[in-house]
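**Student:** I'd like to ask some things about the structure below.
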Amino acid sequence: MWKQLNSQVLLKTRTPTPEVRILAFNSCVAIARKLGESYAPLLPETVPFIAELLEDEHQRVEKNTRSAVQELETILGEPVQKYL
């Protein structure tokens, strides 16, 4: 069920509203916080969305994503950058 939830939340990162993109990715980080290292199997499907958000046209979205990626790396205990 976590995979399906994560997938649905990730799709919201493609909405035209920057605030929704930020909240959606923050929700994915909250899922990762809840699951801890068990979030690792969900990372491969998450990475393409991270890559898109890191190149977002709105600086707030990009800045939030960078910060959230750092938190993900702390949660997972490994660098997310190696998947990008």
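Identifiers in the structure tokens: chain A, B, ... in order shown; residue index from 1 per chain; ligand index from 1 in order shown.
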Which residues are close to Ile50 in chain A, i.e. within 9 Å by only C-alpha atoms, leaving aside same-chain residues fewer than 2 positions away? Reply as an NGL selection string.
**Tutor:** :A and (25 or 46-48 or 52-55 or 65-66 or 69 or 84)
**Student:** Near Leu5 in chain A, within 12 Å and counting only C-alpha atoms, which residues show up once chain neighbours fewer than 3 positions away are dropped, as a ChimeraX atom specification?
**Tutor:** /A:1-2,8-12,24,27-28,30-32,42,46
**Student:** Would you save the residues from that selection as a PDB file, in the first residue's frame, using C-alpha atoms?
**Tutor:**
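Result went into result-v2.pdb, see below:
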```
ATOM      1  CA  MET A   1       0.000   0.000   0.000  1.00  0.00           C
ATOM      2  CA  TRP A   2       2.901   2.382   0.646  1.00  0.00           C
ATOM      3  CA  GLN A   8      -0.142   8.848  -6.190  1.00  0.00           C
ATOM      4  CA  VAL A   9       1.562  11.562  -4.132  1.00  0.00           C
ATOM      5  CA  LEU A  10       4.462  11.734  -6.599  1.00  0.00           C
ATOM      6  CA  LEU A  11       2.032  12.366  -9.448  1.00  0.00           C
ATOM      7  CA  LYS A  12       0.933  15.520  -7.615  1.00  0.00           C
ATOM      8  CA  ALA A  24       3.457  16.719  -2.494  1.00  0.00           C
ATOM      9  CA  SER A  27       4.493  14.344   1.833  1.00  0.00           C
ATOM     10  CA  CYS A  28       6.771  11.780   0.193  1.00  0.00           C
ATOM     11  CA  ALA A  30       6.962  12.251   5.479  1.00  0.00           C
ATOM     12  CA  ILE A  31       6.248   8.758   4.129  1.00  0.00           C
ATOM     13  CA  ALA A  32       9.997   8.087   4.125  1.00  0.00           C
ATOM     14  CA  LEU A  42      10.381   3.107  -3.285  1.00  0.00           C
ATOM     15  CA  THR A  46      10.878   8.518  -6.717  1.00  0.00           C
TER      16      THR A  46
END
```
**Student:** Quick one: pick out all alpha helix (DSSP H) residues within range 38-77 of chain A from a backbone DSSP run and write them as a PyMOL selection string.
**Tutor:** chain A and resi 43-54+59-76
**Student:** Could you write those residues out with N, CA, C and O atoms, as a compact mmCIF listing (two decimals), in the first residue's frame?
**Tutor:**
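Final output, saved to selection_10.txt:
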```txt
# COMPACT_ATOMS: atom_id res chain seq x y z
N LEU A 43 12.51 4.21 -3.64
CA LEU A 43 13.39 5.24 -4.18
C LEU A 43 13.52 5.21 -5.70
O LEU A 43 13.47 6.28 -6.33
N PRO A 44 13.65 4.05 -6.35
CA PRO A 44 13.79 4.06 -7.81
C PRO A 44 12.65 4.77 -8.55
O PRO A 44 12.88 5.46 -9.53
N GLU A 45 11.43 4.63 -8.06
CA GLU A 45 10.32 5.32 -8.73
C GLU A 45 10.27 6.80 -8.33
O GLU A 45 9.69 7.61 -9.03
N THR A 46 10.88 7.14 -7.22
CA THR A 46 10.88 8.52 -6.72
C THR A 46 11.92 9.38 -7.42
O THR A 46 11.70 10.57 -7.64
N VAL A 47 13.03 8.78 -7.78
CA VAL A 47 14.17 9.52 -8.35
C VAL A 47 13.81 10.36 -9.58
O VAL A 47 14.20 11.53 -9.65
N PRO A 48 13.07 9.85 -10.56
CA PRO A 48 12.74 10.70 -11.72
C PRO A 48 11.95 11.96 -11.32
O PRO A 48 12.15 13.03 -11.90
N PHE A 49 11.11 11.85 -10.32
CA PHE A 49 10.34 13.00 -9.85
C PHE A 49 11.26 13.99 -9.15
O PHE A 49 11.12 15.20 -9.31
N ILE A 50 12.22 13.47 -8.39
CA ILE A 50 13.21 14.35 -7.74
C ILE A 50 13.98 15.12 -8.80
O ILE A 50 14.17 16.33 -8.68
N ALA A 51 14.41 14.42 -9.85
CA ALA A 51 15.17 15.06 -10.92
C ALA A 51 14.36 16.20 -11.55
O ALA A 51 14.90 17.29 -11.81
N GLU A 52 13.08 15.97 -11.79
CA GLU A 52 12.22 17.02 -12.36
C GLU A 52 12.11 18.21 -11.41
O GLU A 52 12.20 19.37 -11.83
N LEU A 53 11.91 17.92 -10.13
CA LEU A 53 11.74 19.00 -9.15
C LEU A 53 13.02 19.81 -8.96
O LEU A 53 12.97 21.00 -8.68
N LEU A 54 14.17 19.16 -9.10
CA LEU A 54 15.45 19.87 -8.97
C LEU A 54 15.68 20.83 -10.13
O LEU A 54 16.53 21.71 -10.03
N GLN A 59 12.07 28.75 -8.10
CA GLN A 59 13.21 28.57 -7.20
C GLN A 59 12.78 27.97 -5.85
O GLN A 59 13.51 27.17 -5.28
N ARG A 60 11.60 28.33 -5.37
CA ARG A 60 11.11 27.79 -4.09
C ARG A 60 10.99 26.28 -4.15
O ARG A 60 11.33 25.58 -3.19
N VAL A 61 10.49 25.78 -5.27
CA VAL A 61 10.32 24.33 -5.44
C VAL A 61 11.69 23.65 -5.46
O VAL A 61 11.91 22.65 -4.77
N GLU A 62 12.60 24.23 -6.21
CA GLU A 62 13.95 23.67 -6.32
C GLU A 62 14.65 23.66 -4.96
O GLU A 62 15.25 22.66 -4.55
N LYS A 63 14.55 24.77 -4.25
CA LYS A 63 15.19 24.90 -2.93
C LYS A 63 14.60 23.91 -1.94
O LYS A 63 15.32 23.24 -1.20
N ASN A 64 13.28 23.78 -1.94
CA ASN A 64 12.61 22.83 -1.05
C ASN A 64 13.05 21.40 -1.37
O ASN A 64 13.28 20.60 -0.47
N THR A 65 13.16 21.10 -2.65
CA THR A 65 13.54 19.75 -3.07
C THR A 65 14.95 19.42 -2.58
O THR A 65 15.19 18.33 -2.07
N ARG A 66 15.86 20.37 -2.73
CA ARG A 66 17.24 20.14 -2.27
C ARG A 66 17.27 19.84 -0.76
O ARG A 66 17.96 18.92 -0.31
N SER A 67 16.52 20.61 -0.02
CA SER A 67 16.45 20.41 1.42
C SER A 67 15.82 19.05 1.76
O SER A 67 16.30 18.32 2.62
N ALA A 68 14.75 18.71 1.05
CA ALA A 68 14.06 17.44 1.29
C ALA A 68 14.94 16.26 0.91
O ALA A 68 14.91 15.22 1.58
N VAL A 69 15.73 16.40 -0.14
CA VAL A 69 16.64 15.32 -0.55
C VAL A 69 17.68 15.08 0.55
O VAL A 69 18.00 13.92 0.86
N GLN A 70 18.16 16.15 1.17
CA GLN A 70 19.11 15.99 2.29
C GLN A 70 18.46 15.20 3.42
O GLN A 70 19.08 14.32 4.02
N GLU A 71 17.20 15.50 3.71
CA GLU A 71 16.49 14.76 4.75
C GLU A 71 16.32 13.30 4.36
O GLU A 71 16.50 12.40 5.18
N LEU A 72 15.97 13.05 3.09
CA LEU A 72 15.84 11.67 2.61
C LEU A 72 17.15 10.91 2.79
O LEU A 72 17.14 9.75 3.20
N GLU A 73 18.25 11.56 2.48
CA GLU A 73 19.55 10.92 2.61
C GLU A 73 19.84 10.56 4.07
O GLU A 73 20.38 9.49 4.35
N THR A 74 19.43 11.43 4.97
CA THR A 74 19.60 11.15 6.40
C THR A 74 18.74 9.95 6.81
O THR A 74 19.20 9.06 7.52
N ILE A 75 17.51 9.94 6.34
CA ILE A 75 16.58 8.85 6.68
C ILE A 75 17.08 7.52 6.14
O ILE A 75 17.07 6.50 6.85
N LEU A 76 17.53 7.53 4.89
CA LEU A 76 17.94 6.29 4.22
C LEU A 76 19.37 5.86 4.54
O LEU A 76 19.75 4.71 4.33
```
**Student:** Rounded to one decimal, what separation in Å do you get between CA of Tyr39 in chain A and CA of Lys3 in chain A?
**Tutor:**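 Rounded to one decimal, the two atoms are 9.1 Å apart.
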